[in-house]
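Encoded as structure tokens, the structure appears first; notes follow it.
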Amino acid sequence: MSVNEEVRAVAEALLTASTSSQQPTPQFQHSLSSQPGRYATEDLVTGMRRDGHMSVVRRFFCLFVTFDLLFTILMWLIIILLNGDDIISALSKQVVHYNIHTSLFDIVMSATCRFTFLLLFYGLLYIRHWWVIALTTAGTCAFLICKVFVYSWTSANQPVFQVLLVLITFVLSWGEAWFLDFRVLPQELQALEYLQALSSYPESERAPLLRNYLQGLQRVDDYTESIGNFYSPMDSPQSSDDEGESRRFSGRTRTSQEVKYKREGQEVLEVSWKILNSQDWKLEKKTESGDSIYSKQMPRMGKVLKLVGIVDLPPHILLGEVFHKIENLPKWNPTILEARIVEVIDDHTDISYQVAKEAGGGIVSSRDFVILRYWGMKEDCYVSAGVSVKHPEVPPVKHYVRGENGPTCWVMRPIPNDDNRCMFQWLLNVNLKGWLPNYVVESALTQTMIDYMKYVREYSERLKEEGFVDNPFST
């Protein structure tokens with residue numbers, strides 16, 4: 001696309017941002033994907049969350065809902081006082097001696113229920129779905145239609161005001177539904193897609209690839225101990241100024257995307273290693289086999305888990321089984337339905353696809369993951385790190401919910417004076433997506449870690465019996 005076409009597309013998006021809630025044009029989407037850091041419309045700004053606060057457009061929706069309640073109450077008070085009674089007598093007739101045929105207090109209660117549900121789900125729980133507003137609007141409309149038939153209009157002194165109250169309530173409920181479905185949700189989705197595109201676009205060769213993690217840390221205390229040491233990736237080879245030009249590594253020509261995967265793998269190893277070895281871990285559970293599970297709250301990441309246990313395999317052999325032989329994973333780990341390599345970058349880097357079996361007695365359905373994996377050495381330890389990525393060969397499917405792994409790793413740490421065993425450490429940082437209570441997710445993840453250690457030990461015993469221990473990379 002030429003520069004003039006890009007400018008024209010952005011100008012059209014800016015002109016229509018305040019009057020239209022439609023999705024961006026294909027030209028603008030192309031411009032966004034090619035250079036996402038250059039363009040930001042008004043819709044993008046109002047749909048973004050800053051420092052965990054509510055987006056501007058959602059905050060306006062909550063104010064609109066509050067206005068609906070207060071306006072309904074105000075108009076109801078005016079109507080009941082127009083009958084000539086004092087406030088005490090009017091409230092007694094409408095509330096204490098409520099009658100569906102003569103009282104309009106039930107319209108106020110419907111506005112109160114609508115206010116409570118909408119602020120609970122869209123203000124506090126911050127859901128991004130239309131089903132709650134659909135239920136409240138449908139319930140309000142059904143109630144108002146019934147109210148029209150049962151209310152005694154002939155007994156009202158000035159029925160025009162009662163009619164106005166019914167019509168205004170009807171219009172306001174539909175206005176809330178329209179604004180949420182056509183303004184709030186599309187703008188927040190557009191802002192989310194913009195940020196994701198921005199995070200995946202490397203501004204320069206020195207820009208951190210783990211932008212989603214690094215940009216989420218707003219305070220100095222949020223950073224792990226020495227995150228500055230790995231903020232910028234390794235130096236690029238000479239004659240590699242052009243982003244689209246192929247690069248040469250280890251005698252093999254690699255594309256710029258493969259170089260990006262390699263650098264991101266190196267960075268995720270550093271990040272996960274620092275998290276794993278940070279302080280202030282809280283002991284969650286200790287199993288009968290001696291394994292310990294710890295937890296820690298991380299900024300922008302939520303609760304992460306760490307498992308520590310002993311495995312009767314040398315560290316390099318265990319690495320060969322969990323990294324180089326991932327296709328064998330479903331054979332010895334029944335919690336995995338499928339595991340395969342999608343793309344091999346080099347001997348240390350690849351992209352895998354895994355499908356996890358349902359957990360928690362079926363409460364947590366099957367999840368699938370697309371993971372960029374990278375292994376390396378840290379302080380004589382074998383470290384296999386991973387993070388979720390998008391890959392064109394494995395788009396999301398309807399059968400599974402696509403989970404998301406943050407910086408995570410497996411560490412095979414040597415035990416002094418013991419060459420036949422290793423300390424196995426697992427940093428688990430995963431978002432299972434979907435509408436699941438936190439306690440259900442945490443319980444399922446904890447049980448998954450316990451089961452995994454059981455299956456690893458069973459598999460290690462089988463390996464030793466079959467004599468494959470001395471050749472970890474055999475097939």
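Following the order of the structure tokens, chains are lettered A, B, ..., residues in each are numbered from 1, and ligands are numbered from 1.
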message: I'd like the contact shell of region 319-336 of chain A - 7 Å cut-off, only C-alpha atoms, skipping same-chain residues fewer than 3 positions apart - returned as a VMD selection string.
response: chain A and resid 315 to 316 339 to 340 355 to 357 382 455 459 472 to 473
Given only C-alpha atoms, how would the per-residue table for region 245-319 of chain A near region 400-420 of chain A read, listing every residue at most 7 Å away with its closest atom pair and distance in Å to one decimal, sorted by chain and number, as JSON lines?
{"residue": "A:Val268", "atom": "CA", "partner": "A:Pro407", "partner_atom": "CA", "distance": 5.6}
{"residue": "A:Val271", "atom": "CA", "partner": "A:Pro407", "partner_atom": "CA", "distance": 6.6}
{"residue": "A:Ser272", "atom": "CA", "partner": "A:Pro407", "partner_atom": "CA", "distance": 5.2}
{"residue": "A:Asp312", "atom": "CA", "partner": "A:Asn420", "partner_atom": "CA", "distance": 6.2}
{"residue": "A:Leu313", "atom": "CA", "partner": "A:Asn420", "partner_atom": "CA", "distance": 5.4}
{"residue": "A:Pro314", "atom": "CA", "partner": "A:Asn420", "partner_atom": "CA", "distance": 4.8}
{"residue": "A:Pro315", "atom": "CA", "partner": "A:Met412", "partner_atom": "CA", "distance": 5.0}
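If only C-alpha atoms are the atoms counted, then among A:Ser365, A:Ser289, A:Thr154, A:Gln279 the closest residue to His399 (chain A) is A:Ser365.
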- request: Would you please give, as a PyMOL selection string, all residues of region 98-149 of chain A that DSSP assigns to alpha helix (DSSP H) based on the backbone?
  value: chain A and resi 105-118+131-149
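One distance worth recording is that between CA of Phe369 (chain A) and CA of Ile341 (chain A), which is 11.8 Å.
For region 437-453 of chain A, the list of residues within 8 Å, based on only C-alpha atoms and with local chain neighbours fewer than 6 positions off taken out, reads Thr287, Asp291, Ile293, Leu307, Gly309, Asn333, Thr335, Ala359, Gly360 and Val364 of chain A.
Distance-wise, CA of Val389 (chain A) and CA of Leu276 (chain A) end up 21.0 Å apart.
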Kindly provide the residues of region 294-322 of chain A that approach region 49-61 of chain A to within 12 Å, each paired with its closest atom pair and their distance in Å to one decimal, based on only C-alpha atoms, listed by chain and increasing number, as JSON lines.
{"residue": "A:Pro299", "atom": "CA", "partner": "A:Gly52", "partner_atom": "CA", "distance": 10.5}
{"residue": "A:Arg300", "atom": "CA", "partner": "A:Gly52", "partner_atom": "CA", "distance": 8.5}
{"residue": "A:Met301", "atom": "CA", "partner": "A:Gly52", "partner_atom": "CA", "distance": 11.8}
